[in-house]
$ cat target.tsv   # TSV, C-alpha atoms and all ligand atoms
chain	number	residue	atom	x	y	z
D	1	MET	CA	115.04	78.45	106.14
D	2	ARG	CA	113.44	81.08	108.37
D	3	ILE	CA	109.77	82.01	108.18
D	4	VAL	CA	108.82	85.53	109.23
D	5	LEU	CA	105.30	86.67	110.09
D	6	ALA	CA	104.68	89.87	108.13
D	7	PRO	CA	103.87	93.19	109.73
D	8	MET	CA	100.23	94.02	108.98
D	9	GLU	CA	98.83	97.23	110.36
D	10	GLY	CA	95.38	96.83	111.88
D	11	VAL	CA	95.43	93.03	111.53
D	12	VAL	CA	98.48	91.40	113.02
D	13	ASP	CA	98.51	92.69	116.58
D	14	HIS	CA	100.12	90.96	119.56
D	15	LEU	CA	97.10	88.69	119.98
D	16	MET	CA	97.26	87.50	116.39
D	17	ARG	CA	101.01	87.03	116.73
D	18	ASP	CA	100.41	84.93	119.83
D	19	MET	CA	97.82	82.74	118.07
D	20	LEU	CA	99.84	82.19	114.93
D	21	THR	CA	103.16	81.57	116.64
D	22	ARG	CA	101.49	79.04	118.97
D	23	ILE	CA	100.43	77.04	115.91
D	24	GLY	CA	104.08	76.99	114.90
D	25	GLY	CA	106.48	77.36	112.01
D	26	PHE	CA	107.44	81.01	112.56
D	27	ASP	CA	110.94	82.14	113.51
D	28	LEU	CA	110.37	85.88	113.76
D	29	CYS	CA	107.57	88.45	113.85
D	30	VAL	CA	107.64	92.12	112.85
D	31	THR	CA	105.26	94.60	114.48
D	32	GLU	CA	102.81	96.91	112.76
D	33	PHE	CA	104.72	100.09	111.95
D	34	VAL	CA	105.42	102.69	114.61
D	35	ARG	CA	105.03	106.08	112.91
D	36	VAL	CA	107.91	108.44	113.61
D	37	VAL	CA	107.49	112.11	112.73
D	38	ASP	CA	109.41	114.66	114.78
D	39	MET	CA	109.83	113.40	118.30
D	40	LYS	CA	111.21	110.68	120.46
D	41	LEU	CA	108.17	108.56	121.19
D	42	PRO	CA	107.27	107.62	124.74
D	43	ARG	CA	107.73	104.08	125.94
D	44	ARG	CA	103.98	103.50	126.01
D	45	VAL	CA	103.74	103.89	122.20
D	46	PHE	CA	106.23	101.06	121.73
D	47	TYR	CA	104.51	98.93	124.36
D	48	ARG	CA	101.08	99.48	122.81
D	49	LEU	CA	102.17	98.04	119.47
D	50	CYS	CA	104.57	95.55	121.00
D	51	PRO	CA	103.47	94.43	124.47
D	52	GLU	CA	105.91	91.56	123.99
D	53	LEU	CA	108.62	94.02	125.09
D	54	GLY	CA	107.45	93.22	128.60
D	55	GLN	CA	108.22	89.53	127.98
D	56	GLY	CA	111.79	89.81	126.68
D	57	GLY	CA	110.70	90.83	123.17
D	58	LYS	CA	109.16	87.42	122.46
D	59	THR	CA	105.68	86.02	121.94
D	60	PRO	CA	104.43	83.67	124.71
D	61	SER	CA	105.61	80.76	122.58
D	62	GLY	CA	109.11	82.24	122.40
D	63	VAL	CA	109.26	83.78	118.91
D	64	PRO	CA	111.18	87.11	118.78
D	65	VAL	CA	109.25	90.21	117.76
D	66	LYS	CA	111.09	93.03	116.02
D	67	ILE	CA	109.78	96.59	116.01
D	68	GLN	CA	109.18	98.28	112.67
D	69	LEU	CA	109.51	102.05	112.27
D	70	LEU	CA	108.10	104.20	109.49
D	71	GLY	CA	109.14	107.76	108.81
D	72	GLN	CA	111.41	109.94	106.73
D	73	ASP	CA	113.58	111.90	109.14
D	74	PRO	CA	116.90	110.08	109.65
D	75	ASN	CA	117.64	111.59	113.06
D	76	TRP	CA	114.23	110.99	114.60
D	77	LEU	CA	114.19	107.48	113.16
D	78	ALA	CA	117.63	106.88	114.67
D	79	GLU	CA	116.58	108.13	118.12
D	80	ASN	CA	113.49	105.97	118.10
D	81	ALA	CA	115.37	102.96	116.77
D	82	LEU	CA	117.79	103.22	119.66
D	83	LYS	CA	114.87	103.49	122.06
D	84	ALA	CA	113.25	100.39	120.52
D	85	VAL	CA	116.31	98.24	121.11
D	86	GLU	CA	116.84	99.71	124.58
D	87	LEU	CA	113.28	98.66	125.39
D	88	GLY	CA	114.10	95.12	124.27
D	89	SER	CA	113.36	94.84	120.56
D	90	PRO	CA	115.82	92.37	119.00
D	91	GLY	CA	116.68	94.88	116.23
D	92	VAL	CA	114.74	97.36	114.15
D	93	ASP	CA	113.04	97.10	110.79
D	94	LEU	CA	112.48	100.16	108.58
D	95	ASN	CA	109.37	100.37	106.43
D	96	PHE	CA	109.97	101.51	102.85
D	97	GLY	CA	107.01	99.73	101.35
D	98	CYS	CA	103.78	101.13	102.76
D	99	PRO	CA	101.53	102.31	99.91
D	100	ALA	CA	98.98	104.25	102.04
D	101	LYS	CA	98.25	107.71	100.62
D	102	MET	CA	98.45	109.52	103.95
D	103	VAL	CA	101.73	107.86	104.81
D	104	ASN	CA	103.23	108.62	101.39
D	105	LYS	CA	102.03	112.23	101.49
D	106	ASN	CA	104.03	112.66	104.69
D	107	LYS	CA	106.98	111.11	102.88
D	108	GLY	CA	107.01	107.78	104.62
D	109	GLY	CA	106.81	104.25	103.27
D	110	ALA	CA	107.00	103.41	99.57
D	111	VAL	CA	107.36	107.00	98.35
D	112	LEU	CA	110.95	106.93	99.64
D	113	LEU	CA	111.75	104.32	97.00
D	114	LYS	CA	111.92	107.26	94.61
D	115	GLU	CA	114.72	108.79	96.69
D	116	THR	CA	117.71	106.48	96.80
D	117	ASP	CA	119.80	109.06	98.70
D	118	THR	CA	117.17	109.44	101.43
D	119	LEU	CA	117.04	105.66	101.87
D	120	TYR	CA	120.81	105.71	102.23
D	121	GLN	CA	120.79	108.55	104.76
D	122	ILE	CA	118.08	106.96	106.87
D	123	VAL	CA	119.73	103.57	107.12
D	124	LYS	CA	123.20	105.08	107.62
D	125	THR	CA	121.98	107.28	110.50
D	126	VAL	CA	119.91	104.53	112.12
D	127	ARG	CA	122.78	102.05	111.79
D	128	ALA	CA	125.16	104.48	113.46
D	129	ALA	CA	122.77	104.96	116.39
D	130	VAL	CA	121.90	101.31	117.06
D	131	PRO	CA	124.55	99.10	118.69
D	132	ALA	CA	126.15	96.77	116.16
D	133	ALA	CA	124.82	93.64	117.88
D	134	PHE	CA	121.28	94.58	116.83
D	135	PRO	CA	120.19	94.09	113.21
D	136	VAL	CA	118.91	97.10	111.29
D	137	THR	CA	116.82	95.74	108.46
D	138	ALA	CA	114.71	97.28	105.70
D	139	LYS	CA	111.48	96.19	104.06
D	140	ILE	CA	111.02	97.40	100.51
D	141	ARG	CA	108.89	96.98	97.45
D	142	LEU	CA	110.48	96.76	94.00
D	143	GLY	CA	109.86	100.44	93.45
D	144	PHE	CA	107.23	103.14	93.44
D	145	ASP	CA	105.95	103.45	89.85
D	146	ASP	CA	108.35	101.00	88.23
D	147	THR	CA	111.50	98.96	88.77
D	148	SER	CA	113.99	101.50	87.40
D	149	LEU	CA	115.56	102.09	90.86
D	150	THR	CA	115.18	98.61	92.37
D	151	LEU	CA	118.83	97.63	92.21
D	152	ASP	CA	120.16	101.11	93.07
D	153	ASN	CA	117.94	101.17	96.14
D	154	ALA	CA	119.06	97.71	97.25
D	155	ARG	CA	122.73	98.67	96.80
D	156	ALA	CA	122.22	101.92	98.72
D	157	LEU	CA	120.55	100.11	101.61
D	158	TYR	CA	123.38	97.60	101.77
D	159	GLU	CA	126.08	100.29	101.54
D	160	ALA	CA	124.38	102.25	104.32
D	161	GLY	CA	124.70	99.21	106.57
D	162	ALA	CA	121.39	97.36	106.39
D	163	THR	CA	121.84	93.89	107.86
D	164	GLU	CA	119.12	92.25	105.81
D	165	LEU	CA	116.38	93.17	103.32
D	166	THR	CA	112.85	91.93	102.98
D	167	VAL	CA	111.49	92.37	99.49
D	168	HIS	CA	107.78	92.49	98.76
D	169	ALA	CA	108.19	91.67	95.10
D	170	ARG	CA	105.89	94.28	93.59
D	171	THR	CA	105.96	98.01	93.03
D	172	LYS	CA	103.72	100.43	94.88
D	173	ALA	CA	101.84	100.87	91.60
D	174	ASP	CA	101.21	97.11	91.49
D	175	GLY	CA	99.39	97.40	94.81
D	176	TYR	CA	98.42	93.90	95.87
D	177	ARG	CA	97.64	92.67	92.36
D	178	PRO	CA	99.08	89.24	91.64
D	179	PRO	CA	101.62	88.12	90.66
D	180	ALA	CA	104.52	88.89	92.95
D	181	TYR	CA	107.65	89.02	90.82
D	182	TRP	CA	109.81	86.56	92.74
D	183	PRO	CA	112.55	86.38	90.06
D	184	TRP	CA	113.25	90.08	90.79
D	185	ILE	CA	114.42	89.03	94.26
D	186	GLU	CA	117.11	86.92	92.66
D	187	LYS	CA	118.31	89.98	90.72
D	188	ILE	CA	118.53	91.90	94.00
D	189	ARG	CA	120.40	89.06	95.65
D	190	ALA	CA	122.95	89.21	92.84
D	191	VAL	CA	123.89	92.83	93.68
D	192	VAL	CA	123.92	92.77	97.50
D	193	PRO	CA	125.86	90.33	99.68
D	194	ILE	CA	123.33	90.40	102.54
D	195	ASN	CA	120.44	88.10	103.29
D	196	VAL	CA	117.21	88.78	101.41
D	197	ILE	CA	113.82	87.57	102.66
D	198	ALA	CA	111.28	86.92	99.92
D	199	ASN	CA	107.72	88.18	100.36
D	200	GLY	CA	104.47	88.35	98.42
D	201	GLU	CA	101.68	85.98	97.31
D	202	ILE	CA	102.67	82.89	99.27
D	203	TRP	CA	99.35	81.15	99.98
D	204	THR	CA	100.30	77.47	99.97
D	205	PRO	CA	103.34	75.28	100.67
D	206	ALA	CA	103.70	74.87	96.88
D	207	ASP	CA	103.84	78.68	96.48
D	208	ALA	CA	106.54	78.81	99.15
D	209	ALA	CA	108.65	76.23	97.33
D	210	LEU	CA	108.24	78.04	93.99
D	211	CYS	CA	109.04	81.40	95.57
D	212	GLN	CA	112.18	79.95	97.16
D	213	GLN	CA	113.20	78.46	93.84
D	214	GLN	CA	112.55	81.59	91.76
D	215	SER	CA	113.98	84.06	94.29
D	216	GLY	CA	116.92	81.97	95.46
D	217	SER	CA	115.95	82.97	99.03
D	218	ALA	CA	115.45	80.26	101.62
D	219	ASP	CA	113.95	82.82	104.00
D	220	ILE	CA	110.38	83.89	103.37
D	221	MET	CA	107.82	86.22	104.91
D	222	LEU	CA	104.12	85.33	105.07
D	223	GLY	CA	101.39	87.94	105.34
D	224	ARG	CA	97.86	87.40	104.10
D	225	GLY	CA	98.58	83.71	103.44
D	226	ALA	CA	99.14	83.11	107.16
D	227	LEU	CA	95.80	84.70	107.99
D	228	ALA	CA	93.97	82.77	105.29
D	229	ARG	CA	95.53	79.51	106.41
D	230	PRO	CA	96.74	79.72	110.02
D	231	SER	CA	98.75	76.50	109.76
D	232	LEU	CA	100.61	77.63	106.62
D	233	ALA	CA	104.03	78.20	108.23
D	234	LYS	CA	103.87	74.83	109.98
D	235	GLU	CA	102.86	73.13	106.73
D	236	ILE	CA	105.77	74.77	104.89
D	237	VAL	CA	108.23	73.53	107.53
D	238	ALA	CA	106.76	70.02	107.27
D	239	ALA	CA	106.90	70.05	103.46
D	240	ARG	CA	110.52	71.18	103.60
D	241	SER	CA	111.41	68.14	105.70
D	242	GLY	CA	109.53	65.85	103.34
D	243	THR	CA	106.44	65.18	105.49
D	244	ALA	CA	103.17	66.50	104.13
D	245	GLU	CA	100.91	68.13	106.69
D	246	GLN	CA	97.25	68.96	106.05
D	247	ALA	CA	95.87	72.46	106.40
D	248	MET	CA	94.17	73.00	109.76
D	249	PRO	CA	90.61	71.56	109.50
D	250	TRP	CA	87.73	74.08	109.68
D	251	PRO	CA	86.45	73.02	113.15
D	252	GLU	CA	89.90	73.75	114.56
D	253	VAL	CA	89.93	77.12	112.82
D	254	LEU	CA	86.56	77.86	114.43
D	255	GLU	CA	88.00	77.01	117.84
D	256	LEU	CA	90.89	79.32	117.06
D	257	LEU	CA	88.46	82.08	116.17
D	258	LEU	CA	86.70	81.63	119.49
D	259	GLN	CA	89.99	81.63	121.35
D	260	TYR	CA	91.00	84.80	119.50
D	261	SER	CA	87.66	86.32	120.45
D	262	ASP	CA	88.30	85.67	124.13
D	263	TYR	CA	91.75	87.21	123.86
D	264	GLU	CA	90.77	90.19	121.75
D	265	ILE	CA	87.71	91.09	123.80
D	266	ALA	CA	89.67	90.87	127.05
D	267	GLY	CA	92.84	92.44	125.61
D	268	ASP	CA	91.41	95.49	123.88
D	269	LYS	CA	88.15	95.59	125.84
D	270	GLY	CA	86.36	94.59	122.66
D	271	LEU	CA	86.92	97.98	121.06
D	272	TYR	CA	88.35	96.74	117.81
D	273	TYR	CA	87.09	93.18	118.02
D	274	SER	CA	84.35	93.21	115.41
D	275	ASN	CA	86.54	94.96	112.82
D	276	ARG	CA	89.47	92.71	113.45
D	277	ILE	CA	87.55	89.45	113.34
D	278	LYS	CA	85.79	90.53	110.13
D	279	GLN	CA	89.11	91.44	108.60
D	280	TRP	CA	90.47	88.03	109.56
D	281	PHE	CA	87.39	86.42	107.96
D	282	SER	CA	88.08	88.29	104.72
D	283	TYR	CA	91.31	86.29	104.49
D	284	LEU	CA	89.95	82.97	105.83
D	285	LYS	CA	87.27	83.08	103.12
D	286	LEU	CA	90.02	82.67	100.54
D	287	GLN	CA	90.94	79.21	101.82
D	288	TYR	CA	87.84	77.96	103.63
D	289	PRO	CA	84.43	77.91	101.89
D	290	GLU	CA	82.90	77.48	105.38
D	291	ALA	CA	84.31	80.89	106.36
D	292	ASP	CA	82.68	82.45	103.33
D	293	MET	CA	79.29	81.05	104.36
D	294	LEU	CA	79.65	82.10	107.96
D	295	PHE	CA	80.85	85.56	106.99
D	296	SER	CA	77.59	86.30	105.20
D	297	GLU	CA	75.95	85.84	108.63
D	298	LEU	CA	78.55	87.82	110.58
D	299	ARG	CA	78.93	90.68	108.16
D	300	LEU	CA	76.22	92.84	109.61
D	301	GLN	CA	76.77	91.96	113.25
D	302	ARG	CA	78.47	94.70	115.27
D	303	LYS	CA	78.39	93.58	118.86
D	304	ALA	CA	81.11	91.27	120.12
D	305	GLU	CA	78.57	89.03	121.96
D	306	GLU	CA	76.54	88.59	118.81
D	307	ILE	CA	79.56	87.52	116.79
D	308	VAL	CA	80.81	85.16	119.48
D	309	ARG	CA	77.34	83.58	119.68
D	310	THR	CA	77.34	83.01	115.93
D	311	LEU	CA	80.78	81.38	116.09
D	312	GLN	CA	79.73	79.16	119.02
D	313	GLN	CA	76.61	78.12	117.18
D	314	ALA	CA	78.60	77.23	114.07
D	315	LEU	CA	80.93	75.09	116.16
D	316	ARG	CA	78.03	73.34	117.92
D	317	GLN	CA	76.48	72.53	114.56
D	318	LEU	CA	79.67	70.73	113.56
D	319	ASN	CA	79.90	68.68	116.74
G	401	LIG	C1	96.25	95.09	105.87
G	401	LIG	C2	97.74	95.13	105.61
G	401	LIG	C3	98.56	95.84	106.47
G	401	LIG	C4	99.94	95.91	106.23
G	401	LIG	N1	100.76	96.59	107.12
G	401	LIG	C5	102.11	96.63	106.92
G	401	LIG	C6	102.98	97.27	107.85
G	401	LIG	O1	102.57	97.81	108.90
G	401	LIG	N2	104.31	97.27	107.56
G	401	LIG	C7	104.83	96.69	106.43
G	401	LIG	O2	106.04	96.72	106.21
G	401	LIG	N3	104.02	96.05	105.57
G	401	LIG	C8	102.70	96.00	105.78
G	401	LIG	N4	101.90	95.31	104.91
G	401	LIG	C9	102.51	94.54	103.81
G	401	LIG	C10	102.77	93.08	104.25
G	401	LIG	O3	103.72	93.04	105.28
G	401	LIG	C11	103.30	92.23	103.06
G	401	LIG	O4	104.47	92.82	102.58
G	401	LIG	C12	102.27	92.15	101.93
G	401	LIG	O5	100.97	91.86	102.43
G	401	LIG	C13	102.67	91.08	100.91
G	401	LIG	O6	102.76	89.83	101.49
G	401	LIG	P1	101.58	88.73	101.39
G	401	LIG	O7	101.27	88.55	99.92
G	401	LIG	O8	102.18	87.49	102.03
G	401	LIG	O9	100.41	89.28	102.13
G	401	LIG	C14	100.52	95.24	105.12
G	401	LIG	C15	99.67	94.53	104.26
G	401	LIG	C16	98.31	94.46	104.49
G	401	LIG	C17	97.44	93.67	103.54

$ encode --input "target.tsv" --output "structure tokens" --more "lines below"
Ligand SMILES: Cc1cc2nc3c(=O)[nH]c(=O)nc-3n(C[C@H](O)[C@H](O)[C@H](O)COP(=O)(O)O)c2cc1C
Amino acid sequence: MRIVLAPMEGVVDHLMRDMLTRIGGFDLCVTEFVRVVDMKLPRRVFYRLCPELGQGGKTPSGVPVKIQLLGQDPNWLAENALKAVELGSPGVDLNFGCPAKMVNKNKGGAVLLKETDTLYQIVKTVRAAVPAAFPVTAKIRLGFDDTSLTLDNARALYEAGATELTVHARTKADGYRPPAYWPWIEKIRAVVPINVIANGEIWTPADAALCQQQSGSADIMLGRGALARPSLAKEIVAARSGTAEQAMPWPEVLELLLQYSDYEIAGDKGLYYSNRIKQWFSYLKLQYPEADMLFSELRLQRKAEEIVRTLQQALRQLN
């Protein structure tokens, strides 16, 4: 079993990857997508989204971080994929799942699931450009409007040379509405002989076990669940080896939030801090009632110092 930390634009940056991989359980991370349009991007663009390139392509706790690209032009994607691995990414992931309107309008992300041939061309061209030792993987949804092309798309990606697929088991039209259709992953696995990572709606160790059972995939990717419950990956690993581990207690989560605050304020000069911490809270609220209560206090606070003070106060009240 491998557990992958999902790419999440605007939420899972290098600081979040560092925090979550320190807690443990993750085997691989994927960056937020690097948007490729019509040029070879400068090194600084890759480093901004993946500063880990400066540390051998790994988080400080040693978990590899793979760069994800999003775009529609096979040649520009290929050039940038090659650049990513030359800079130290341990492979490249291609995003065919993003539902954002702007991205789809420019023919990137999930809209390409309507064009099996384009998927094929992209992966074929990228595969040809990237040395064989580096995996070229694809992240897909089940389809755009429906599942009529799911299996054709999976076959095309495999035939074009994709090393591995990650399947977010919903269509673009499904958005993020539960459920994720894990049994569909098993259907995909039946038509392609490559590894398939199962993704979508894993919030607890029990969800992970059910997803693995219904999809037939040992490998899973965790997105929102890992933000809602920072110890989720570690708990899943423990459950797999037969030892139950409790979710991280709230006081420890608060300490983590304060640690993240230190990092984020220093790392990005506090520019995005208040948005990012609030976004993290929107997930924590799903698992921790204490986060819900605290969020009602934080919601209107804008300044980093104000938010940090509120977090410190909450921690003091517990001690
Ligand atoms: C805020 C947000 C940002 C996301 N950004 C990306 C992205 O950059 N690349 C990508 O392939 N998927 C992205 N996703 C999709 C996730 O990687 C994942 O497939 C999805 O959230 C389902 O998994 P989950 O139910 O475990 O969250 C994003 C999802 C969210 C909620």

$ residues_near_ligand --input "target.tsv" --ligand "ligand LIG 401 (chain G)" --cutoff "9 Å" --atoms "all atoms listed in the file" --output "PDB file with C-alpha atoms, in the frame of the given file"
ATOM      1  CA  LEU D   5     105.300  86.670 110.090  1.00  0.00           C
ATOM      2  CA  ALA D   6     104.680  89.870 108.130  1.00  0.00           C
ATOM      3  CA  PRO D   7     103.870  93.190 109.730  1.00  0.00           C
ATOM      4  CA  MET D   8     100.230  94.020 108.980  1.00  0.00           C
ATOM      5  CA  GLU D   9      98.830  97.230 110.360  1.00  0.00           C
ATOM      6  CA  GLY D  10      95.380  96.830 111.880  1.00  0.00           C
ATOM      7  CA  VAL D  11      95.430  93.030 111.530  1.00  0.00           C
ATOM      8  CA  VAL D  12      98.480  91.400 113.020  1.00  0.00           C
ATOM      9  CA  VAL D  30     107.640  92.120 112.850  1.00  0.00           C
ATOM     10  CA  THR D  31     105.260  94.600 114.480  1.00  0.00           C
ATOM     11  CA  GLU D  32     102.810  96.910 112.760  1.00  0.00           C
ATOM     12  CA  PHE D  33     104.720 100.090 111.950  1.00  0.00           C
ATOM     13  CA  VAL D  34     105.420 102.690 114.610  1.00  0.00           C
ATOM     14  CA  GLN D  68     109.180  98.280 112.670  1.00  0.00           C
ATOM     15  CA  LEU D  69     109.510 102.050 112.270  1.00  0.00           C
ATOM     16  CA  LEU D  70     108.100 104.200 109.490  1.00  0.00           C
ATOM     17  CA  ASP D  93     113.040  97.100 110.790  1.00  0.00           C
ATOM     18  CA  LEU D  94     112.480 100.160 108.580  1.00  0.00           C
ATOM     19  CA  ASN D  95     109.370 100.370 106.430  1.00  0.00           C
ATOM     20  CA  PHE D  96     109.970 101.510 102.850  1.00  0.00           C
ATOM     21  CA  GLY D  97     107.010  99.730 101.350  1.00  0.00           C
ATOM     22  CA  CYS D  98     103.780 101.130 102.760  1.00  0.00           C
ATOM     23  CA  PRO D  99     101.530 102.310  99.910  1.00  0.00           C
ATOM     24  CA  GLY D 109     106.810 104.250 103.270  1.00  0.00           C
ATOM     25  CA  ALA D 138     114.710  97.280 105.700  1.00  0.00           C
ATOM     26  CA  LYS D 139     111.480  96.190 104.060  1.00  0.00           C
ATOM     27  CA  ILE D 140     111.020  97.400 100.510  1.00  0.00           C
ATOM     28  CA  ARG D 141     108.890  96.980  97.450  1.00  0.00           C
ATOM     29  CA  THR D 166     112.850  91.930 102.980  1.00  0.00           C
ATOM     30  CA  VAL D 167     111.490  92.370  99.490  1.00  0.00           C
ATOM     31  CA  HIS D 168     107.780  92.490  98.760  1.00  0.00           C
ATOM     32  CA  ALA D 169     108.190  91.670  95.100  1.00  0.00           C
ATOM     33  CA  ARG D 170     105.890  94.280  93.590  1.00  0.00           C
ATOM     34  CA  TYR D 176      98.420  93.900  95.870  1.00  0.00           C
ATOM     35  CA  PRO D 178      99.080  89.240  91.640  1.00  0.00           C
ATOM     36  CA  ALA D 180     104.520  88.890  92.950  1.00  0.00           C
ATOM     37  CA  ASN D 199     107.720  88.180 100.360  1.00  0.00           C
ATOM     38  CA  GLY D 200     104.470  88.350  98.420  1.00  0.00           C
ATOM     39  CA  GLU D 201     101.680  85.980  97.310  1.00  0.00           C
ATOM     40  CA  ILE D 202     102.670  82.890  99.270  1.00  0.00           C
ATOM     41  CA  TRP D 203      99.350  81.150  99.980  1.00  0.00           C
ATOM     42  CA  MET D 221     107.820  86.220 104.910  1.00  0.00           C
ATOM     43  CA  LEU D 222     104.120  85.330 105.070  1.00  0.00           C
ATOM     44  CA  GLY D 223     101.390  87.940 105.340  1.00  0.00           C
ATOM     45  CA  ARG D 224      97.860  87.400 104.100  1.00  0.00           C
ATOM     46  CA  GLY D 225      98.580  83.710 103.440  1.00  0.00           C
ATOM     47  CA  ALA D 226      99.140  83.110 107.160  1.00  0.00           C
ATOM     48  CA  LEU D 227      95.800  84.700 107.990  1.00  0.00           C
ATOM     49  CA  GLN D 279      89.110  91.440 108.600  1.00  0.00           C
TER      50      GLN D 279
END

$ atom_distance --input "target.tsv" --atom1 "atom CA of D:Val65" --atom2 "atom CA of D:His14"
9.3 Å

$ closest_residue --input "target.tsv" --among "D:Leu82, D:Ala128, D:Ile236, D:Cys50" --to "D:Ile220" --atoms "only C-alpha atoms"
D:Ile236

$ closest_residue --input "target.tsv" --among "D:Lys124, D:Lys285, D:Lys83, D:Lys107" --to "D:Ala228" --atoms "all atoms listed in the file"
D:Lys285

$ residues_near_point --input "target.tsv" --point "(106.9, 82.1, 122.1)" --cutoff "10 Å" --atoms "all atoms listed in the file" --output "list of chain:residue names"
D:Arg17, D:Asp18, D:Met19, D:Thr21, D:Arg22, D:Gly24, D:Phe26, D:Asp27, D:Leu28, D:Glu52, D:Gln55, D:Gly57, D:Lys58, D:Thr59, D:Pro60, D:Ser61, D:Gly62, D:Val63, D:Pro64, D:Val65

$ residues_around --input "target.tsv" --residues "D:Ala81" --least-positions-apart "4" --cutoff "9 Å" --atoms "all atoms listed in the file" --output "mmCIF file with C-alpha atoms, keeping the file's coordinate frame"
data_model
loop_
_atom_site.group_PDB
_atom_site.id
_atom_site.type_symbol
_atom_site.label_atom_id
_atom_site.label_comp_id
_atom_site.auth_asym_id
_atom_site.auth_seq_id
_atom_site.Cartn_x
_atom_site.Cartn_y
_atom_site.Cartn_z
ATOM 1 C CA ILE D 67 109.780 96.590 116.010
ATOM 2 C CA GLN D 68 109.180 98.280 112.670
ATOM 3 C CA LEU D 69 109.510 102.050 112.270
ATOM 4 C CA TRP D 76 114.230 110.990 114.600
ATOM 5 C CA LEU D 77 114.190 107.480 113.160
ATOM 6 C CA VAL D 85 116.310 98.240 121.110
ATOM 7 C CA GLU D 86 116.840 99.710 124.580
ATOM 8 C CA GLY D 91 116.680 94.880 116.230
ATOM 9 C CA VAL D 92 114.740 97.360 114.150
ATOM 10 C CA ASP D 93 113.040 97.100 110.790
ATOM 11 C CA VAL D 126 119.910 104.530 112.120
ATOM 12 C CA ARG D 127 122.780 102.050 111.790
ATOM 13 C CA ALA D 129 122.770 104.960 116.390
ATOM 14 C CA VAL D 130 121.900 101.310 117.060
ATOM 15 C CA VAL D 136 118.910 97.100 111.290
#

$ closest_residue --input "target.tsv" --among "D:Val192, D:Leu300, D:Leu257, D:Ala160" --to "D:Gln312" --atoms "all atoms listed in the file"
D:Leu257

$ residues_near_point --input "target.tsv" --point "(90.7, 80.7, 116.6)" --cutoff "12 Å" --atoms "only C-alpha atoms" --output "PDB file with C-alpha atoms, in the frame of the given file"
ATOM      1  CA  LEU D  15      97.100  88.690 119.980  1.00  0.00           C
ATOM      2  CA  MET D  16      97.260  87.500 116.390  1.00  0.00           C
ATOM      3  CA  ASP D  18     100.410  84.930 119.830  1.00  0.00           C
ATOM      4  CA  MET D  19      97.820  82.740 118.070  1.00  0.00           C
ATOM      5  CA  LEU D  20      99.840  82.190 114.930  1.00  0.00           C
ATOM      6  CA  ARG D  22     101.490  79.040 118.970  1.00  0.00           C
ATOM      7  CA  ILE D  23     100.430  77.040 115.910  1.00  0.00           C
ATOM      8  CA  LEU D 227      95.800  84.700 107.990  1.00  0.00           C
ATOM      9  CA  ALA D 228      93.970  82.770 105.290  1.00  0.00           C
ATOM     10  CA  ARG D 229      95.530  79.510 106.410  1.00  0.00           C
ATOM     11  CA  PRO D 230      96.740  79.720 110.020  1.00  0.00           C
ATOM     12  CA  SER D 231      98.750  76.500 109.760  1.00  0.00           C
ATOM     13  CA  MET D 248      94.170  73.000 109.760  1.00  0.00           C
ATOM     14  CA  PRO D 249      90.610  71.560 109.500  1.00  0.00           C
ATOM     15  CA  TRP D 250      87.730  74.080 109.680  1.00  0.00           C
ATOM     16  CA  PRO D 251      86.450  73.020 113.150  1.00  0.00           C
ATOM     17  CA  GLU D 252      89.900  73.750 114.560  1.00  0.00           C
ATOM     18  CA  VAL D 253      89.930  77.120 112.820  1.00  0.00           C
ATOM     19  CA  LEU D 254      86.560  77.860 114.430  1.00  0.00           C
ATOM     20  CA  GLU D 255      88.000  77.010 117.840  1.00  0.00           C
ATOM     21  CA  LEU D 256      90.890  79.320 117.060  1.00  0.00           C
ATOM     22  CA  LEU D 257      88.460  82.080 116.170  1.00  0.00           C
ATOM     23  CA  LEU D 258      86.700  81.630 119.490  1.00  0.00           C
ATOM     24  CA  GLN D 259      89.990  81.630 121.350  1.00  0.00           C
ATOM     25  CA  TYR D 260      91.000  84.800 119.500  1.00  0.00           C
ATOM     26  CA  SER D 261      87.660  86.320 120.450  1.00  0.00           C
ATOM     27  CA  ASP D 262      88.300  85.670 124.130  1.00  0.00           C
ATOM     28  CA  TYR D 263      91.750  87.210 123.860  1.00  0.00           C
ATOM     29  CA  GLU D 264      90.770  90.190 121.750  1.00  0.00           C
ATOM     30  CA  ILE D 277      87.550  89.450 113.340  1.00  0.00           C
ATOM     31  CA  TRP D 280      90.470  88.030 109.560  1.00  0.00           C
ATOM     32  CA  PHE D 281      87.390  86.420 107.960  1.00  0.00           C
ATOM     33  CA  LEU D 284      89.950  82.970 105.830  1.00  0.00           C
ATOM     34  CA  VAL D 308      80.810  85.160 119.480  1.00  0.00           C
ATOM     35  CA  LEU D 311      80.780  81.380 116.090  1.00  0.00           C
ATOM     36  CA  GLN D 312      79.730  79.160 119.020  1.00  0.00           C
ATOM     37  CA  LEU D 315      80.930  75.090 116.160  1.00  0.00           C
TER      38      LEU D 315
END

$ atom_distance --input "target.tsv" --atom1 "atom CA of D:Gln212" --atom2 "atom CA of D:Asp145"
25.4 Å

$ closest_residue --input "target.tsv" --among "D:Gly25, D:Gly175, D:Gly267, D:Gly216" --to "D:Arg189" --atoms "only C-alpha atoms"
D:Gly216

$ atom_distance --input "target.tsv" --atom1 "atom CA of D:Lys40" --atom2 "atom CA of D:Lys101"
23.9 Å

$ residues_around --input "target.tsv" --residues "D:Pro135" --least-positions-apart "3" --cutoff "8 Å" --atoms "all atoms listed in the file" --output "PyMOL selection string"
chain D and resi 90-92+132+162-164
